[in-house]
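Student: One structure, pasted below without further comment.
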Amino acid sequence: MVKIEAIIRPERLEHVRLKLQRAGYPGMMVTEMEGHGRQKGLHPDWPENLRISYLPKTKMEIVVDDADKKKVIKAIMDGAYTGEEGDGKIFVYDIKEAIRIRTGERGKKAISKNEPLKTRKKAS
């Protein structure tokens with residue numbers, strides 16, 4: 001399993017979400033944040049003399065099976081791409097274990113999107 005973390009432009013989030021949904025991956029976690037990379041706080045549509053320390057960014061995270069990694073990365077890249085500086089970065093991390101709290105399922109079953117709804121017995 002891998003965790004794919006992407007830092008993208010906020011205005012591209014909906015494009016990425018739709019690409020992932022069409023690829024069969026509707027679930028993700030999203031965090032609004034600020035930061036900058038090479039563009040150093042400059043937005044391409046703003047005058048040169050207007051500098052800010054950080055630009056709005058969106059971090060999205062999704063955990064998938066190793067076999068789905070390339071498909072998910074392609075969907076994110078296709079949805080986030082504008083061709084301009086500041087399109088973002090993608091980071092891929094190995095995940096040792098995943099546990100679905102509701103059912104107690106572990107590993108691939110915990111991240112599977114097509115498993116039937118189950119509920120584990122609640123601890124007393």
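Within each chain, counting starts at residue 1; across the structure tokens, chains are named A, B, ... in the order shown, with ligands numbered 1 upward in that order.
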Residues of segment 71-122 of chain A in strand (DSSP E or B) according to DSSP, as an MDAnalysis selection string?

Tutor: chainID A and resid 88:94 99 106

Student: Save out the residues we just selected, C-alpha atoms, as an mmCIF file, in the first residue's frame.

Tutor:
data_model
loop_
_atom_site.group_PDB
_atom_site.id
_atom_site.type_symbol
_atom_site.label_atom_id
_atom_site.label_comp_id
_atom_site.auth_asym_id
_atom_site.auth_seq_id
_atom_site.Cartn_x
_atom_site.Cartn_y
_atom_site.Cartn_z
ATOM 1 C CA GLY A 88 2.477 21.397 -7.241
ATOM 2 C CA LYS A 89 4.230 18.235 -6.158
ATOM 3 C CA ILE A 90 3.308 14.604 -5.536
ATOM 4 C CA PHE A 91 4.912 12.533 -2.774
ATOM 5 C CA VAL A 92 4.542 8.764 -2.406
ATOM 6 C CA TYR A 93 5.019 6.990 0.931
ATOM 7 C CA ASP A 94 4.998 3.294 1.781
ATOM 8 C CA ILE A 99 -6.979 -0.618 9.714
ATOM 9 C CA ARG A 106 -6.634 -4.724 7.925
#

Student: Pick out the residues sitting within 9 Å of Ile8 of chain A, and hand them over as a list in words; count only C-alpha atoms, and ignore anything fewer than 6 positions along from it in its own chain.

Tutor: Lys57, Thr58, Lys59, Met60, Ala80, Tyr81, Gly86, Asp87, Gly88, Lys89 and Ile90 of chain A

Student: With C-alpha atoms retained, could you export that selection as a compact mmCIF listing (two decimals), in the first residue's frame?

Tutor:
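This went into out-v8.txt:
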# COMPACT_ATOMS: atom_id res chain seq x y z
CA LYS A 57 -2.33 25.51 -1.60
CA THR A 58 -4.37 22.35 -1.15
CA LYS A 59 -2.93 19.10 0.17
CA MET A 60 -4.77 15.95 -0.81
CA ALA A 80 -3.71 19.44 -11.49
CA TYR A 81 -1.74 20.40 -14.59
CA GLY A 86 3.18 26.34 -8.91
CA ASP A 87 1.26 23.35 -10.27
CA GLY A 88 2.48 21.40 -7.24
CA LYS A 89 4.23 18.23 -6.16
CA ILE A 90 3.31 14.60 -5.54

Student: Expressed in Å to a single decimal, how great is the separation between atom CA of Ile95 of chain A and atom CA of Lys3 of chain A?

Tutor: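 That distance, rounded to one decimal, is 6.4 Å.
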